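Dropping run.json in here (JSON, C-alpha atoms):
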[["chain", "number", "residue", "atom", "x", "y", "z"],
["A", 19, "MET", "CA", 54.77, 11.54, 84.65],
["A", 20, "ALA", "CA", 51.35, 10.06, 83.91],
["A", 21, "ASP", "CA", 50.44, 6.59, 85.15],
["A", 22, "PRO", "CA", 50.41, 4.33, 82.04],
["A", 23, "GLU", "CA", 47.65, 2.18, 83.57],
["A", 24, "THR", "CA", 45.24, 5.10, 83.98],
["A", 25, "PRO", "CA", 43.41, 6.22, 80.85],
["A", 26, "ALA", "CA", 43.48, 9.96, 80.30],
["A", 27, "THR", "CA", 39.90, 11.15, 80.80],
["A", 28, "SER", "CA", 40.38, 14.91, 80.82],
["A", 29, "GLN", "CA", 41.95, 15.48, 77.42],
["A", 30, "GLY", "CA", 39.02, 17.47, 76.08],
["A", 31, "ALA", "CA", 37.09, 16.81, 72.93],
["A", 32, "VAL", "CA", 38.64, 14.47, 70.39],
["A", 33, "THR", "CA", 38.06, 15.15, 66.71],
["A", 34, "ILE", "CA", 38.28, 12.17, 64.37],
["A", 35, "SER", "CA", 39.36, 12.99, 60.85],
["A", 36, "SER", "CA", 36.54, 12.40, 58.40],
["A", 37, "SER", "CA", 39.04, 11.24, 55.78],
["A", 38, "SER", "CA", 40.01, 8.23, 57.90],
["A", 39, "SER", "CA", 36.56, 7.09, 59.04],
["A", 40, "GLU", "CA", 35.51, 5.65, 55.68],
["A", 41, "ARG", "CA", 38.77, 3.77, 55.19],
["A", 42, "ALA", "CA", 38.98, 2.14, 58.62],
["A", 43, "PRO", "CA", 38.58, -1.63, 58.44],
["A", 44, "ILE", "CA", 35.68, -3.43, 60.09],
["A", 45, "ILE", "CA", 37.08, -6.25, 62.18],
["A", 46, "TYR", "CA", 34.78, -9.14, 63.01],
["A", 47, "PHE", "CA", 35.79, -11.81, 65.49],
["A", 48, "ASP", "CA", 34.22, -14.66, 67.41],
["A", 49, "GLY", "CA", 36.79, -14.62, 70.19],
["A", 50, "ALA", "CA", 40.32, -13.89, 71.31],
["A", 51, "SER", "CA", 42.52, -16.86, 70.46],
["A", 52, "CYS", "CA", 45.41, -15.77, 72.67],
["A", 53, "PHE", "CA", 46.85, -12.74, 74.45],
["A", 54, "GLY", "CA", 49.95, -11.49, 76.20],
["A", 55, "HIS", "CA", 52.29, -8.52, 76.49],
["A", 56, "HIS", "CA", 55.72, -7.61, 75.20],
["A", 57, "ASN", "CA", 57.84, -4.53, 75.91],
["A", 58, "GLY", "CA", 54.90, -2.72, 77.52],
["A", 59, "ALA", "CA", 52.46, -3.41, 74.67],
["A", 60, "ILE", "CA", 49.32, -5.45, 75.16],
["A", 61, "GLN", "CA", 48.96, -8.15, 72.48],
["A", 62, "ILE", "CA", 45.64, -9.80, 71.62],
["A", 63, "GLU", "CA", 44.97, -12.08, 68.67],
["A", 64, "LEU", "CA", 41.37, -11.98, 67.40],
["A", 65, "ALA", "CA", 39.92, -14.99, 65.58],
["A", 66, "ALA", "CA", 36.76, -15.96, 63.68],
["A", 67, "ASN", "CA", 35.18, -19.29, 62.85],
["A", 68, "LEU", "CA", 34.86, -20.38, 59.22],
["A", 69, "LEU", "CA", 32.39, -23.12, 58.29],
["A", 70, "MET", "CA", 33.97, -25.36, 55.66],
["A", 71, "PRO", "CA", 31.71, -27.94, 53.94],
["A", 72, "ILE", "CA", 33.16, -31.42, 53.63],
["A", 73, "GLY", "CA", 30.69, -33.62, 51.78],
["A", 74, "ALA", "CA", 27.55, -33.73, 53.94],
["A", 75, "ALA", "CA", 29.49, -32.57, 57.04],
["A", 76, "VAL", "CA", 30.86, -29.21, 58.15],
["A", 77, "ARG", "CA", 34.31, -28.51, 59.55],
["A", 78, "VAL", "CA", 34.99, -25.39, 61.64],
["A", 79, "ASP", "CA", 38.28, -23.66, 60.86],
["A", 80, "VAL", "CA", 39.51, -20.87, 63.12],
["A", 81, "VAL", "CA", 41.39, -18.04, 61.39],
["A", 82, "GLN", "CA", 43.07, -14.94, 62.79],
["A", 83, "THR", "CA", 41.23, -11.77, 61.79],
["A", 84, "ALA", "CA", 43.38, -9.19, 63.59],
["A", 85, "HIS", "CA", 46.50, -8.70, 65.68],
["A", 86, "LEU", "CA", 45.59, -6.07, 68.27],
["A", 87, "ARG", "CA", 48.50, -4.12, 69.79],
["A", 88, "CYS", "CA", 48.09, -1.21, 72.21],
["A", 89, "SER", "CA", 49.37, 0.48, 75.33],
["A", 90, "VAL", "CA", 47.99, -0.42, 78.74],
["A", 91, "ALA", "CA", 46.07, 2.88, 78.82],
["A", 92, "ALA", "CA", 44.50, 2.13, 75.44],
["A", 93, "ALA", "CA", 43.58, -1.41, 76.59],
["A", 94, "LEU", "CA", 41.86, 0.05, 79.66],
["A", 95, "ALA", "CA", 39.97, 2.53, 77.48],
["A", 96, "LEU", "CA", 38.90, -0.31, 75.15],
["A", 97, "ARG", "CA", 37.75, -2.41, 78.12],
["A", 98, "GLU", "CA", 35.74, 0.56, 79.44],
["A", 99, "ALA", "CA", 34.11, 1.06, 76.03],
["A", 100, "LEU", "CA", 33.26, -2.66, 75.79],
["A", 101, "ASP", "CA", 31.80, -2.68, 79.32],
["A", 102, "LYS", "CA", 29.63, 0.34, 78.51],
["A", 103, "ALA", "CA", 28.48, -1.17, 75.19],
["A", 104, "ILE", "CA", 27.50, -4.40, 76.98],
["A", 105, "VAL", "CA", 25.50, -2.41, 79.56],
["A", 106, "MET", "CA", 23.71, -0.59, 76.70],
["A", 107, "TYR", "CA", 22.97, -3.93, 75.03],
["A", 108, "LYS", "CA", 21.56, -5.42, 78.24],
["A", 109, "GLN", "CA", 19.36, -2.37, 78.83],
["A", 110, "GLY", "CA", 17.92, -2.77, 75.33],
["A", 111, "GLN", "CA", 17.20, -6.45, 76.02],
["A", 112, "GLN", "CA", 15.23, -5.59, 79.18],
["A", 113, "GLN", "CA", 12.72, -3.34, 77.44],
["A", 114, "PRO", "CA", 9.19, -4.74, 77.27],
["A", 115, "PRO", "CA", 8.15, -6.10, 73.89],
["A", 116, "PRO", "CA", 6.29, -3.63, 71.68],
["A", 117, "GLU", "CA", 2.52, -3.52, 72.12],
["A", 118, "ASP", "CA", 0.57, -5.54, 69.56],
["A", 119, "ILE", "CA", -1.29, -3.41, 67.05],
["A", 120, "PRO", "CA", -4.82, -4.75, 66.53],
["A", 121, "ALA", "CA", -5.68, -5.78, 62.98],
["A", 122, "VAL", "CA", -9.16, -4.26, 63.24],
["A", 123, "LYS", "CA", -9.92, -0.87, 64.75],
["A", 124, "ASN", "CA", -13.09, -0.26, 66.78]]
Please lay out the structure from this file as structure tokens.
Amino acid sequence: MADPETPATSQGAVTISSSSSERAPIIYFDGASCFGHHNGAIQIELAANLLMPIGAAVRVDVVQTAHLRCSVAAALALREALDKAIVMYKQGQQQPPPEDIPAVKN
């Protein structure tokens, strides 16, 4: 029996159906409002901030944008993907700024 806490890394190539890619929702969130587990499923609530004008002031409302449910193996795979995406982001931030192009050529 496979360990549920170890993501399967040797499953071979995965093909994602092209008919589902265009219909998948885009989920934006500013943070995870709460998390837990129940009956072996990881539970994470994702939330976003809404700016609500009140006269000259602004109130921040927090609304749930998604209820994430997955197995432990899927949560580990998601964490690995997030870690790798953050490394990619940081590498892009460390690149030197582009060289200035002179307005006049010699």
>> Just the number, please: distance in Å from atom CA of Ala31 of chain A to atom CA of Ala93 of chain A, one decimal.
In response: 19.7 Å
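Going from atom CA of Lys102 of chain A to atom CA of Pro114 of chain A covers 21.1 Å.
Considering the residues A:Gly58, A:Pro120, A:Pro43, A:Pro71 and counting all atoms listed in the file, Arg87 of chain A has its shortest atom-to-atom contact with A:Gly58.
Taking atom CA of Ser51 of chain A and atom CA of Leu64 of chain A as the two end points, the separation is 5.9 Å.
The environment of Val80 of chain A within 9 Å, counting all atoms listed in the file and disregarding residues fewer than 5 places along the same chain, consists of Ser51, Ala65, Ala66, Asn67, Leu68 and Leu69 of chain A.
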>> Give me the residues near His56 of chain A as a list in words, where near means some atom within 12 Å (using all atoms listed in the file) and where sequence neighbours in that chain fewer than 3 positions away do not count.
In response: Phe53, Ala59, Ile60, Gln61, Ile62, Arg87, Cys88, Ser89 and Val90 of chain A
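Nearest residue to Val81 of chain A among A:Glu63, A:Glu117, A:Asp101, A:Glu40 is A:Glu63, counting all atoms listed in the file.
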>> List as a PyMOL selection string the protein and nucleic acid residues near Met70 of chain A, meaning an atom at most 12 Å away when all atoms listed in the file are counted, but skip any in the same chain fewer than 4 places from it.
In response: chain A and resi 74-81
